[in-house]
Amino acid sequence: MTHAVPNRNWSYPTAIKFGVGRVAELAEHCHAVGLKRPLLVTDKALASLPITAATLNVLEAAGLGRAMFSDVDPNPHEGNMADGIAAYKAGGHDGVVCFGGGSALDLGKMIALMADQTISVWDLEDIDDWYTRADASLIAPIIAVPTTAGTGSEVGRAGVLTNSVTHKKKIIFHPKLLPVVTICDPALTVGMPKFITAGTGMDALAHCLEAYCSPFYHPMSQGIALEGMRLVFENLPLVYADPTDLDARAQMMSAAAMGAVAFQKGLGAIHSLSHPVGAVYGTHHGTTNAVVMPIVLEFNKVEIEGRIDRAAAYLGINGGFAGFHDQVMELRALLNIPASLSAMGVQFADLDMLTDMALEDPSCGGNPVLMTRSNTRALFDACM
Ligand SMILES: NC(=O)c1ccc[n+]([C@@H]2O[C@H](COP(=O)([O-])OP(=O)(O)OC[C@H]3O[C@@H](n4cnc5c(N)ncnc54)[C@H](O)[C@@H]3O)[C@@H](O)[C@H]2O)c1
Ligand SMILES: [Fe+2]
């Protein structure tokens, strides 16, 4: 796999070691931040893959052990967290290496956050200054090594945790959830199943698009979101067609990180619809976003048309808003994303409940069009 990806060390929003093969540096970054007994947190499927064994080998060869916790479900929940904390304490660990997609990264973050706190994790939901309830001095260092290119959790200060009693996805926030070091090694993403490549890539696009359209004032995020969209439109078809294209994989990895930096500005209805669907049906987050994306675009048209016209001009898309909408539809079809929520298994009988949950989701507040009970229910109907 020849490529022209340069090695770069970036310093915002955290220390990012970007480049092909750079996971080999993991042990030196552990040493640099003082980790002597890291726990590698990954998920069940990744646990048995060669990239995970190779990463554990890097730790072991440097005298850091090869401890792994992998009992992590997609859309991870508090039961996974409790098991992970038990493993972390039993092993006498002093920090977490989060290795995987958003599910493993977020759950690893939750272990580092909650291992030594006395409050409930739900007290740290991303509301006002609730994060101050945590004892920050007890939060363990986090190193992140993403193996998907979508969520951007590797550069974010939050983790998404599903409450398995209420079936609600909650965003847990603390500034110290920002990994101290992130290794972005595009080679790790080459083995993703095709539908995960597609879904995670569309998550990155959803982050950029929703941040770009959100009405809040944040010009820095606006710029990052726009360029992030360009990287996805140009590179997601390439990695879908040729999973080994490391140049395009690298661009997608950048786009994922850019999406997460950009969505500090806000998210919107794509995420407020997709969070309850993911929590209730266990669907893949980014794929669910992709299903609802064109319908949400249409829903928001009245508020975002001018803005999307400008984006289309930058992206080289003819036809302004309509051209942009067509481009999203084409990308969705090219990636074999289901065309409706019903095709993903969502039941009409659940739509009232899902509407209530969407309106409670924090992303709802960043949507350009005010979301009400009636228009949100109609939006769900349109997505079916
Ligand atoms: N923290 C955040 O800011 C944030 C943002 C968006 C989404 N999320 C959350 O992230 C989760 C979704 O993460 P995701 O989309 O990365 O999917 P994921 O972590 O659930 O992984 C999906 C599947 O891909 C497999 N996989 C991952 N990398 C692989 C690789 N390189 N080779 C082979 N298989 C691989 C995993 O084992 C898993 O089976 C959701 O829970 C979502 O809510 C978090
Ligand atoms: Fe997302």
# chains A, B, ... in the order shown; residues from 1 in each chain; ligands from 1

call {"tool": "select_by_dssp", "arguments": {"residues": "segment 52-262 of chain A", "states": "strand (DSSP E)", "output": "mmCIF file with all heavy atoms, in the first residue's frame"}}
result
data_model
loop_
_atom_site.group_PDB
_atom_site.id
_atom_site.type_symbol
_atom_site.label_atom_id
_atom_site.label_comp_id
_atom_site.auth_asym_id
_atom_site.auth_seq_id
_atom_site.Cartn_x
_atom_site.Cartn_y
_atom_site.Cartn_z
ATOM 1 N N MET A 68 -6.140 -5.896 28.591
ATOM 2 C CA MET A 68 -7.197 -5.452 27.679
ATOM 3 C C MET A 68 -8.558 -5.699 28.321
ATOM 4 O O MET A 68 -8.784 -6.720 28.951
ATOM 5 C CB MET A 68 -7.104 -6.242 26.360
ATOM 6 C CG MET A 68 -8.254 -5.976 25.421
ATOM 7 S SD MET A 68 -8.004 -6.722 23.786
ATOM 8 C CE MET A 68 -8.404 -8.419 24.109
ATOM 9 N N PHE A 69 -9.464 -4.732 28.136
ATOM 10 C CA PHE A 69 -10.876 -4.929 28.472
ATOM 11 C C PHE A 69 -11.667 -4.738 27.190
ATOM 12 O O PHE A 69 -11.545 -3.693 26.539
ATOM 13 C CB PHE A 69 -11.334 -3.915 29.535
ATOM 14 C CG PHE A 69 -12.813 -3.979 29.792
ATOM 15 C CD1 PHE A 69 -13.363 -5.011 30.543
ATOM 16 C CD2 PHE A 69 -13.670 -3.030 29.243
ATOM 17 C CE1 PHE A 69 -14.735 -5.089 30.749
ATOM 18 C CE2 PHE A 69 -15.043 -3.105 29.441
ATOM 19 C CZ PHE A 69 -15.580 -4.133 30.201
ATOM 20 N N GLY A 95 -4.281 4.430 33.865
ATOM 21 C CA GLY A 95 -4.745 5.213 32.715
ATOM 22 C C GLY A 95 -5.318 4.283 31.674
ATOM 23 O O GLY A 95 -5.233 3.055 31.799
ATOM 24 N N VAL A 96 -5.925 4.878 30.658
ATOM 25 C CA VAL A 96 -6.643 4.085 29.664
ATOM 26 C C VAL A 96 -6.134 4.410 28.264
ATOM 27 O O VAL A 96 -5.962 5.578 27.913
ATOM 28 C CB VAL A 96 -8.164 4.379 29.748
ATOM 29 C CG1 VAL A 96 -8.913 3.646 28.636
ATOM 30 C CG2 VAL A 96 -8.727 3.983 31.113
ATOM 31 N N VAL A 97 -5.878 3.351 27.486
ATOM 32 C CA VAL A 97 -5.658 3.502 26.045
ATOM 33 C C VAL A 97 -6.967 3.094 25.378
ATOM 34 O O VAL A 97 -7.374 1.937 25.446
ATOM 35 C CB VAL A 97 -4.499 2.611 25.542
ATOM 36 C CG1 VAL A 97 -4.449 2.613 24.014
ATOM 37 C CG2 VAL A 97 -3.166 3.084 26.119
ATOM 38 N N CYS A 98 -7.662 4.053 24.803
ATOM 39 C CA CYS A 98 -8.939 3.777 24.135
ATOM 40 C C CYS A 98 -8.627 3.401 22.698
ATOM 41 O O CYS A 98 -8.057 4.212 21.954
ATOM 42 C CB CYS A 98 -9.826 5.010 24.134
ATOM 43 S SG CYS A 98 -10.216 5.645 25.758
ATOM 44 N N PHE A 99 -8.980 2.192 22.287
ATOM 45 C CA PHE A 99 -8.590 1.672 20.978
ATOM 46 C C PHE A 99 -9.827 1.155 20.253
ATOM 47 O O PHE A 99 -10.414 0.158 20.661
ATOM 48 C CB PHE A 99 -7.582 0.532 21.181
ATOM 49 C CG PHE A 99 -7.029 -0.056 19.902
ATOM 50 C CD1 PHE A 99 -5.918 0.510 19.277
ATOM 51 C CD2 PHE A 99 -7.618 -1.182 19.324
ATOM 52 C CE1 PHE A 99 -5.406 -0.035 18.098
ATOM 53 C CE2 PHE A 99 -7.113 -1.730 18.146
ATOM 54 C CZ PHE A 99 -6.001 -1.153 17.537
ATOM 55 N N GLY A 100 -10.265 1.845 19.213
ATOM 56 C CA GLY A 100 -11.407 1.339 18.464
ATOM 57 C C GLY A 100 -12.214 2.438 17.831
ATOM 58 O O GLY A 100 -11.727 3.541 17.570
ATOM 59 N N ILE A 142 -6.098 9.730 29.466
ATOM 60 C CA ILE A 142 -6.673 8.971 28.344
ATOM 61 C C ILE A 142 -5.791 9.178 27.110
ATOM 62 O O ILE A 142 -5.472 10.316 26.748
ATOM 63 C CB ILE A 142 -8.091 9.503 28.026
ATOM 64 C CG1 ILE A 142 -9.034 9.286 29.219
ATOM 65 C CG2 ILE A 142 -8.647 8.852 26.759
ATOM 66 C CD1 ILE A 142 -10.294 10.145 29.170
ATOM 67 N N ILE A 143 -5.396 8.068 26.481
ATOM 68 C CA ILE A 143 -4.762 8.136 25.158
ATOM 69 C C ILE A 143 -5.731 7.474 24.185
ATOM 70 O O ILE A 143 -6.284 6.410 24.486
ATOM 71 C CB ILE A 143 -3.396 7.420 25.153
ATOM 72 C CG1 ILE A 143 -2.413 8.186 26.062
ATOM 73 C CG2 ILE A 143 -2.838 7.306 23.728
ATOM 74 C CD1 ILE A 143 -1.004 7.610 26.095
ATOM 75 N N ALA A 144 -5.991 8.124 23.057
ATOM 76 C CA ALA A 144 -6.969 7.585 22.114
ATOM 77 C C ALA A 144 -6.300 7.139 20.825
ATOM 78 O O ALA A 144 -5.431 7.836 20.297
ATOM 79 C CB ALA A 144 -8.034 8.632 21.801
ATOM 80 N N VAL A 145 -6.735 5.969 20.344
ATOM 81 C CA VAL A 145 -6.247 5.440 19.062
ATOM 82 C C VAL A 145 -7.477 4.989 18.263
ATOM 83 O O VAL A 145 -7.950 3.872 18.422
ATOM 84 C CB VAL A 145 -5.283 4.250 19.277
ATOM 85 C CG1 VAL A 145 -4.675 3.826 17.947
ATOM 86 C CG2 VAL A 145 -4.199 4.572 20.295
ATOM 87 N N PRO A 146 -8.010 5.879 17.424
ATOM 88 C CA PRO A 146 -9.213 5.503 16.673
ATOM 89 C C PRO A 146 -8.928 4.492 15.571
ATOM 90 O O PRO A 146 -7.870 4.550 14.937
ATOM 91 C CB PRO A 146 -9.683 6.837 16.077
ATOM 92 C CG PRO A 146 -8.464 7.692 16.010
ATOM 93 C CD PRO A 146 -7.591 7.271 17.166
ATOM 94 N N ALA A 158 -16.215 14.647 25.260
ATOM 95 C CA ALA A 158 -17.451 13.992 25.695
ATOM 96 C C ALA A 158 -17.411 12.526 25.322
ATOM 97 O O ALA A 158 -16.591 12.093 24.516
ATOM 98 C CB ALA A 158 -18.657 14.658 25.030
ATOM 99 N N GLY A 159 -18.303 11.778 25.939
ATOM 100 C CA GLY A 159 -18.518 10.389 25.557
ATOM 101 C C GLY A 159 -20.022 10.153 25.563
ATOM 102 O O GLY A 159 -20.741 10.771 26.350
ATOM 103 N N VAL A 160 -20.478 9.280 24.673
ATOM 104 C CA VAL A 160 -21.911 8.990 24.618
ATOM 105 C C VAL A 160 -22.147 7.657 25.324
ATOM 106 O O VAL A 160 -21.493 6.665 25.008
ATOM 107 C CB VAL A 160 -22.405 8.914 23.160
ATOM 108 C CG1 VAL A 160 -23.911 8.699 23.115
ATOM 109 C CG2 VAL A 160 -22.039 10.187 22.398
ATOM 110 N N LEU A 161 -23.057 7.665 26.295
ATOM 111 C CA LEU A 161 -23.343 6.452 27.065
ATOM 112 C C LEU A 161 -24.848 6.231 27.028
ATOM 113 O O LEU A 161 -25.632 7.164 27.247
ATOM 114 C CB LEU A 161 -22.856 6.648 28.509
ATOM 115 C CG LEU A 161 -22.787 5.407 29.399
ATOM 116 C CD1 LEU A 161 -21.721 4.417 28.893
ATOM 117 C CD2 LEU A 161 -22.474 5.785 30.850
ATOM 118 N N THR A 162 -25.245 4.986 26.744
ATOM 119 C CA THR A 162 -26.681 4.674 26.694
ATOM 120 C C THR A 162 -27.133 4.209 28.075
ATOM 121 O O THR A 162 -26.488 3.367 28.701
ATOM 122 C CB THR A 162 -26.960 3.579 25.642
ATOM 123 O OG1 THR A 162 -26.551 4.073 24.361
ATOM 124 C CG2 THR A 162 -28.432 3.225 25.587
ATOM 125 N N ASN A 163 -28.233 4.800 28.545
ATOM 126 C CA ASN A 163 -28.835 4.345 29.799
ATOM 127 C C ASN A 163 -29.722 3.158 29.445
ATOM 128 O O ASN A 163 -30.715 3.307 28.745
ATOM 129 C CB ASN A 163 -29.649 5.499 30.415
ATOM 130 C CG ASN A 163 -30.213 5.124 31.769
ATOM 131 O OD1 ASN A 163 -30.699 4.010 31.962
ATOM 132 N ND2 ASN A 163 -30.137 6.058 32.711
ATOM 133 N N LYS A 168 -32.041 5.748 26.817
ATOM 134 C CA LYS A 168 -31.698 7.077 26.306
ATOM 135 C C LYS A 168 -30.191 7.186 26.189
ATOM 136 O O LYS A 168 -29.455 6.729 27.063
ATOM 137 C CB LYS A 168 -32.224 8.154 27.255
ATOM 138 C CG LYS A 168 -33.738 8.281 27.149
ATOM 139 C CD LYS A 168 -34.277 9.380 28.029
ATOM 140 C CE LYS A 168 -35.803 9.414 27.898
ATOM 141 N NZ LYS A 168 -36.458 10.043 29.023
ATOM 142 N N LYS A 169 -29.765 7.826 25.104
ATOM 143 C CA LYS A 169 -28.338 8.090 24.936
ATOM 144 C C LYS A 169 -28.031 9.410 25.603
ATOM 145 O O LYS A 169 -28.678 10.419 25.304
ATOM 146 C CB LYS A 169 -27.998 8.191 23.450
ATOM 147 C CG LYS A 169 -27.752 6.864 22.798
ATOM 148 C CD LYS A 169 -27.109 7.036 21.439
ATOM 149 C CE LYS A 169 -26.214 5.843 21.183
ATOM 150 N NZ LYS A 169 -25.417 5.991 19.976
ATOM 151 N N LYS A 170 -27.049 9.424 26.475
ATOM 152 C CA LYS A 170 -26.692 10.655 27.170
ATOM 153 C C LYS A 170 -25.266 11.056 26.801
ATOM 154 O O LYS A 170 -24.379 10.198 26.686
ATOM 155 C CB LYS A 170 -26.790 10.454 28.683
ATOM 156 C CG LYS A 170 -28.220 10.175 29.160
ATOM 157 C CD LYS A 170 -29.068 11.420 29.097
ATOM 158 C CE LYS A 170 -30.488 11.166 29.576
ATOM 159 N NZ LYS A 170 -31.362 12.322 29.415
ATOM 160 N N ILE A 171 -25.069 12.359 26.654
ATOM 161 C CA ILE A 171 -23.728 12.863 26.388
ATOM 162 C C ILE A 171 -23.116 13.232 27.736
ATOM 163 O O ILE A 171 -23.656 14.060 28.474
ATOM 164 C CB ILE A 171 -23.778 14.069 25.439
ATOM 165 C CG1 ILE A 171 -24.354 13.612 24.093
ATOM 166 C CG2 ILE A 171 -22.382 14.667 25.242
ATOM 167 C CD1 ILE A 171 -24.655 14.716 23.115
ATOM 168 N N ILE A 172 -22.032 12.569 28.061
ATOM 169 C CA ILE A 172 -21.337 12.808 29.329
ATOM 170 C C ILE A 172 -20.138 13.691 29.007
ATOM 171 O O ILE A 172 -19.343 13.383 28.110
ATOM 172 C CB ILE A 172 -20.873 11.465 29.950
ATOM 173 C CG1 ILE A 172 -22.053 10.474 30.049
ATOM 174 C CG2 ILE A 172 -20.196 11.698 31.298
ATOM 175 C CD1 ILE A 172 -23.220 10.919 30.882
ATOM 176 N N PHE A 173 -20.016 14.779 29.750
ATOM 177 C CA PHE A 173 -19.003 15.780 29.390
ATOM 178 C C PHE A 173 -18.061 16.070 30.565
ATOM 179 O O PHE A 173 -18.500 16.220 31.712
ATOM 180 C CB PHE A 173 -19.696 17.094 28.984
ATOM 181 C CG PHE A 173 -18.728 18.234 28.778
ATOM 182 C CD1 PHE A 173 -18.104 18.415 27.546
ATOM 183 C CD2 PHE A 173 -18.400 19.097 29.822
ATOM 184 C CE1 PHE A 173 -17.190 19.447 27.358
ATOM 185 C CE2 PHE A 173 -17.489 20.135 29.640
ATOM 186 C CZ PHE A 173 -16.880 20.311 28.403
ATOM 187 N N VAL A 181 -3.221 12.498 24.473
ATOM 188 C CA VAL A 181 -2.571 12.252 23.179
ATOM 189 C C VAL A 181 -3.526 11.416 22.326
ATOM 190 O O VAL A 181 -4.188 10.516 22.847
ATOM 191 C CB VAL A 181 -1.243 11.455 23.331
ATOM 192 C CG1 VAL A 181 -0.623 11.184 21.962
ATOM 193 C CG2 VAL A 181 -0.256 12.169 24.237
ATOM 194 N N THR A 182 -3.589 11.744 21.056
ATOM 195 C CA THR A 182 -4.360 10.936 20.113
ATOM 196 C C THR A 182 -3.438 10.507 18.981
ATOM 197 O O THR A 182 -2.698 11.340 18.436
ATOM 198 C CB THR A 182 -5.542 11.765 19.559
ATOM 199 O OG1 THR A 182 -6.530 11.871 20.573
ATOM 200 C CG2 THR A 182 -6.167 11.112 18.351
ATOM 201 N N ILE A 183 -3.466 9.223 18.669
ATOM 202 C CA ILE A 183 -2.688 8.730 17.519
ATOM 203 C C ILE A 183 -3.674 8.461 16.386
ATOM 204 O O ILE A 183 -4.546 7.594 16.509
ATOM 205 C CB ILE A 183 -1.916 7.444 17.873
ATOM 206 C CG1 ILE A 183 -0.922 7.711 19.017
ATOM 207 C CG2 ILE A 183 -1.188 6.909 16.627
ATOM 208 C CD1 ILE A 183 -0.147 6.480 19.472
ATOM 209 N N CYS A 184 -3.568 9.223 15.328
ATOM 210 C CA CYS A 184 -4.418 9.024 14.145
ATOM 211 C C CYS A 184 -3.604 8.291 13.091
ATOM 212 O O CYS A 184 -2.819 8.911 12.368
ATOM 213 C CB CYS A 184 -4.903 10.362 13.582
ATOM 214 S SG CYS A 184 -6.228 11.095 14.536
#

call {"tool": "closest_atom_pairs", "arguments": {"of": "segment 206-303 of chain A", "to": "segment 331-334 of chain A", "cutoff": "8 Å", "atoms": "only C-alpha atoms", "output": "Markdown table"}}
result
| residue | atom | partner | partner_atom | distance |
| --- | --- | --- | --- | --- |
| A:Phe233 | CA | A:Leu331 | CA | 7.8 |
| A:Pro237 | CA | A:Leu334 | CA | 7.6 |
| A:Ala290 | CA | A:Arg332 | CA | 6.7 |
| A:Val291 | CA | A:Arg332 | CA | 7.7 |

call {"tool": "write_last_selection", "arguments": {"atoms": "C-alpha atoms", "output": "PDB file, in the first residue's frame"}}
result
ATOM      1  CA  PHE A 233     -17.447  14.234  -0.425  1.00  0.00           C
ATOM      2  CA  PRO A 237     -16.391   7.257  -2.312  1.00  0.00           C
ATOM      3  CA  ALA A 290     -27.089   9.017   6.853  1.00  0.00           C
ATOM      4  CA  VAL A 291     -30.631   7.660   6.533  1.00  0.00           C
TER       5      VAL A 291
END

call {"tool": "atom_distance", "arguments": {"atom1": "atom CA of Ala53 of chain A", "atom2": "atom CA of Arg66 of chain A"}}
result
9.0 Å

call {"tool": "residues_around", "arguments": {"residues": "Met252 of chain A", "least_positions_apart": "3", "cutoff": "6 Å", "atoms": "only C-alpha atoms", "output": "MDAnalysis selection string"}}
result
chainID A and resid 149 249 255

call {"tool": "write_last_selection", "arguments": {"atoms": "N, CA, C and O atoms", "output": "PDB file, in the first residue's frame"}}
result
ATOM      1  N   ALA A 149     -13.152   6.156  11.184  1.00  0.00           N
ATOM      2  CA  ALA A 149     -13.006   7.579  10.871  1.00  0.00           C
ATOM      3  C   ALA A 149     -14.401   8.183  10.787  1.00  0.00           C
ATOM      4  O   ALA A 149     -15.004   8.193   9.719  1.00  0.00           O
ATOM      5  N   ARG A 249      -7.957   7.302   3.079  1.00  0.00           N
ATOM      6  CA  ARG A 249      -8.221   6.952   4.486  1.00  0.00           C
ATOM      7  C   ARG A 249      -7.718   8.066   5.416  1.00  0.00           C
ATOM      8  O   ARG A 249      -8.358   8.413   6.408  1.00  0.00           O
ATOM      9  N   ALA A 255     -11.075  14.354   8.377  1.00  0.00           N
ATOM     10  CA  ALA A 255     -12.457  14.851   8.337  1.00  0.00           C
ATOM     11  C   ALA A 255     -13.211  14.493   9.616  1.00  0.00           C
ATOM     12  O   ALA A 255     -14.006  15.291  10.132  1.00  0.00           O
TER      13      ALA A 255
END

call {"tool": "closest_atom_pairs", "arguments": {"of": "chain A", "to": "ligand 1", "cutoff": "6 Å", "atoms": "only C-alpha atoms and all ligand atoms", "output": "Markdown table"}}
result
| residue | atom | partner | partner_atom_place_in_ligand_line | distance |
| --- | --- | --- | --- | --- |
| A:Asp43 | CA | ligand 1 | 37 (O) | 5.6 |
| A:Ala45 | CA | ligand 1 | 37 (O) | 4.2 |
| A:Leu46 | CA | ligand 1 | 37 (O) | 4.6 |
| A:Pro74 | CA | ligand 1 | 20 (O) | 4.2 |
| A:Asn75 | CA | ligand 1 | 41 (O) | 3.7 |
| A:Gly100 | CA | ligand 1 | 28 (N) | 5.2 |
| A:Gly101 | CA | ligand 1 | 19 (O) | 3.2 |
| A:Gly102 | CA | ligand 1 | 13 (O) | 3.2 |
| A:Ser103 | CA | ligand 1 | 19 (O) | 3.8 |
| A:Ala104 | CA | ligand 1 | 19 (O) | 5.6 |
| A:Asp106 | CA | ligand 1 | 1 (N) | 5.6 |
| A:Thr147 | CA | ligand 1 | 31 (N) | 4.3 |
| A:Thr148 | CA | ligand 1 | 28 (N) | 4.8 |
| A:Gly150 | CA | ligand 1 | 16 (O) | 5.9 |
| A:Thr151 | CA | ligand 1 | 6 (C) | 3.9 |
| A:Gly152 | CA | ligand 1 | 3 (O) | 5.9 |
| A:Ser153 | CA | ligand 1 | 1 (N) | 3.9 |
| A:Gly156 | CA | ligand 1 | 3 (O) | 5.6 |
| A:Ala158 | CA | ligand 1 | 1 (N) | 5.1 |
| A:Gly159 | CA | ligand 1 | 1 (N) | 4.0 |
| A:Val160 | CA | ligand 1 | 44 (C) | 5.2 |
| A:Leu188 | CA | ligand 1 | 31 (N) | 5.2 |
| A:Thr189 | CA | ligand 1 | 31 (N) | 4.1 |
| A:Gly191 | CA | ligand 1 | 32 (N) | 4.1 |
| A:Met192 | CA | ligand 1 | 32 (N) | 3.6 |
| A:Pro193 | CA | ligand 1 | 33 (C) | 5.8 |
| A:Ile196 | CA | ligand 1 | 24 (O) | 5.7 |
| A:Thr200 | CA | ligand 1 | 15 (O) | 4.7 |
| A:His285 | CA | ligand 1 | 42 (C) | 5.3 |
| A:Gly286 | CA | ligand 1 | 15 (O) | 5.7 |

call {"tool": "select_by_dssp", "arguments": {"residues": "segment 116-329 of chain A", "states": "helix (DSSP H, G or I)", "output": "ChimeraX atom specification"}}
result
/A:121-124,130-133,136-138,153-155,175-177,186-189,194-213,219-241,246-262,269-281,285-315,320-329

call {"tool": "write_last_selection", "arguments": {"atoms": "C-alpha atoms", "output": "tab-separated table (two decimals), in the first residue's frame"}}
result
chain	number	residue	atom	x	y	z
A	121	VAL	CA	-22.16	9.09	35.76
A	122	TRP	CA	-25.63	10.51	34.93
A	123	ASP	CA	-24.78	13.49	37.17
A	124	LEU	CA	-22.17	14.43	34.55
A	130	TRP	CA	-22.61	19.80	35.73
A	131	TYR	CA	-19.08	18.63	34.93
A	132	THR	CA	-17.87	20.58	37.98
A	133	ARG	CA	-19.56	17.92	40.13
A	136	ALA	CA	-11.16	16.37	38.26
A	137	SER	CA	-8.04	15.31	40.15
A	138	LEU	CA	-9.28	11.70	40.10
A	153	SER	CA	-14.40	11.10	19.86
A	154	GLU	CA	-10.58	11.00	19.78
A	155	VAL	CA	-10.53	14.81	19.81
A	175	PRO	CA	-12.90	18.79	29.83
A	176	LYS	CA	-10.54	16.05	31.02
A	177	LEU	CA	-12.22	13.56	28.70
A	186	PRO	CA	-5.01	5.73	8.90
A	187	ALA	CA	-3.67	2.19	8.39
A	188	LEU	CA	-5.76	1.06	11.38
A	189	THR	CA	-8.97	1.91	9.52
A	194	LYS	CA	-17.57	-1.79	4.27
A	195	PHE	CA	-20.82	-0.72	5.89
A	196	ILE	CA	-18.90	0.69	8.88
A	197	THR	CA	-16.60	2.64	6.53
A	198	ALA	CA	-19.76	4.06	4.96
A	199	GLY	CA	-21.65	4.77	8.18
A	200	THR	CA	-18.73	6.28	10.08
A	201	GLY	CA	-17.84	8.47	7.10
A	202	MET	CA	-21.41	9.73	7.00
A	203	ASP	CA	-21.19	10.48	10.74
A	204	ALA	CA	-18.24	12.75	9.99
A	205	LEU	CA	-20.29	14.44	7.26
A	206	ALA	CA	-23.26	14.79	9.63
A	207	HIS	CA	-21.05	16.49	12.23
A	208	CYS	CA	-19.65	18.94	9.68
A	209	LEU	CA	-23.03	19.61	8.07
A	210	GLU	CA	-24.94	20.12	11.30
A	211	ALA	CA	-22.19	22.29	12.77
A	212	TYR	CA	-22.09	24.34	9.58
A	213	CYS	CA	-25.88	24.85	9.65
A	219	PRO	CA	-16.87	31.20	12.83
A	220	MET	CA	-13.85	29.00	13.53
A	221	SER	CA	-16.02	25.88	13.59
A	222	GLN	CA	-17.82	27.14	10.51
A	223	GLY	CA	-14.60	27.11	8.49
A	224	ILE	CA	-13.48	23.73	9.75
A	225	ALA	CA	-16.91	22.23	9.01
A	226	LEU	CA	-16.85	23.46	5.43
A	227	GLU	CA	-13.46	21.95	4.62
A	228	GLY	CA	-14.44	18.76	6.49
A	229	MET	CA	-17.44	18.37	4.17
A	230	ARG	CA	-15.13	18.70	1.15
A	231	LEU	CA	-12.86	15.95	2.45
A	232	VAL	CA	-15.81	13.59	2.96
A	233	PHE	CA	-17.45	14.23	-0.43
A	234	GLU	CA	-14.12	13.67	-2.19
A	235	ASN	CA	-12.72	10.77	-0.18
A	236	LEU	CA	-15.57	8.67	1.17
A	237	PRO	CA	-16.39	7.26	-2.31
A	238	LEU	CA	-12.68	6.46	-2.74
A	239	VAL	CA	-12.29	4.49	0.50
A	240	TYR	CA	-15.58	2.72	-0.13
A	241	ALA	CA	-14.36	1.60	-3.56
A	246	LEU	CA	-4.34	5.10	2.51
A	247	ASP	CA	-4.29	8.63	1.11
A	248	ALA	CA	-8.09	8.76	1.11
A	249	ARG	CA	-8.22	6.95	4.49
A	250	ALA	CA	-5.98	9.69	5.91
A	251	GLN	CA	-8.28	12.40	4.55
A	252	MET	CA	-11.27	10.67	6.15
A	253	MET	CA	-9.43	10.48	9.45
A	254	SER	CA	-8.83	14.23	9.28
A	255	ALA	CA	-12.46	14.85	8.34
A	256	ALA	CA	-13.63	12.87	11.36
A	257	ALA	CA	-11.48	14.91	13.72
A	258	MET	CA	-12.62	18.12	12.02
A	259	GLY	CA	-16.26	17.17	12.44
A	260	ALA	CA	-15.84	16.73	16.16
A	261	VAL	CA	-13.98	20.03	16.54
A	262	ALA	CA	-16.67	21.74	14.48
A	269	ALA	CA	-32.07	17.23	14.06
A	270	ILE	CA	-29.97	14.55	12.32
A	271	HIS	CA	-28.45	13.68	15.69
A	272	SER	CA	-31.59	14.26	17.75
A	273	LEU	CA	-33.46	11.75	15.57
A	274	SER	CA	-30.60	9.30	15.33
A	275	HIS	CA	-29.77	9.13	19.05
A	276	PRO	CA	-33.15	7.67	20.13
A	277	VAL	CA	-33.24	5.31	17.14
A	278	GLY	CA	-29.76	4.03	18.05
A	279	ALA	CA	-30.66	3.70	21.73
A	280	VAL	CA	-33.94	1.83	21.10
A	281	TYR	CA	-32.97	-0.35	18.12
A	285	HIS	CA	-25.01	5.68	14.72
A	286	GLY	CA	-23.48	7.05	11.54
A	287	THR	CA	-25.61	4.86	9.27
A	288	THR	CA	-28.73	6.13	11.05
A	289	ASN	CA	-27.54	9.71	10.55
A	290	ALA	CA	-27.09	9.02	6.85
A	291	VAL	CA	-30.63	7.66	6.53
A	292	VAL	CA	-32.23	10.82	7.92
A	293	MET	CA	-29.73	13.36	6.50
A	294	PRO	CA	-31.48	14.32	3.22
A	295	ILE	CA	-34.89	14.54	4.90
A	296	VAL	CA	-33.52	16.78	7.65
A	297	LEU	CA	-31.85	18.96	5.02
A	298	GLU	CA	-35.24	19.48	3.36
A	299	PHE	CA	-36.84	20.12	6.77
A	300	ASN	CA	-34.31	22.87	7.48
A	301	LYS	CA	-34.28	24.33	3.97
A	302	VAL	CA	-36.18	27.49	4.88
A	303	GLU	CA	-33.43	28.51	7.34
A	304	ILE	CA	-30.29	27.17	5.65
A	305	GLU	CA	-30.78	27.61	1.93
A	306	GLY	CA	-28.43	30.59	1.57
A	307	ARG	CA	-25.78	29.00	3.70
A	308	ILE	CA	-25.91	25.74	1.75
A	309	ASP	CA	-25.76	27.71	-1.53
A	310	ARG	CA	-22.43	29.15	-0.30
A	311	ALA	CA	-21.17	25.71	0.74
A	312	ALA	CA	-22.15	24.25	-2.63
A	313	ALA	CA	-20.15	26.96	-4.37
A	314	TYR	CA	-17.06	26.10	-2.31
A	315	LEU	CA	-17.58	22.37	-2.80
A	320	GLY	CA	-26.91	25.46	-4.83
A	321	PHE	CA	-29.15	23.88	-2.20
A	322	ALA	CA	-30.85	21.52	-4.68
A	323	GLY	CA	-27.49	20.37	-6.03
A	324	PHE	CA	-26.18	19.79	-2.51
A	325	HIS	CA	-29.27	17.77	-1.61
A	326	ASP	CA	-28.82	15.65	-4.76
A	327	GLN	CA	-25.17	15.09	-3.87
A	328	VAL	CA	-26.15	13.76	-0.42
A	329	MET	CA	-28.74	11.45	-2.02

call {"tool": "closest_residue", "arguments": {"among": "A:Met384, A:Ala47, A:Ala87, A:Leu113", "to": "Val346 of chain A", "atoms": "only C-alpha atoms"}}
result
A:Met384

call {"tool": "atom_distance", "arguments": {"atom1": "atom CA of Gln117 of chain A", "atom2": "atom CA of Met81 of chain A"}}
result
12.9 Å

call {"tool": "closest_residue", "arguments": {"among": "A:Pro141, A:Pro6, A:Gly34, A:Pro215", "to": "Asn367 of chain A", "atoms": "only C-alpha atoms"}}
result
A:Pro215

call {"tool": "atom_distance", "arguments": {"atom1": "atom CA of Ile337 of chain A", "atom2": "atom CA of Ser214 of chain A"}}
result
24.6 Å
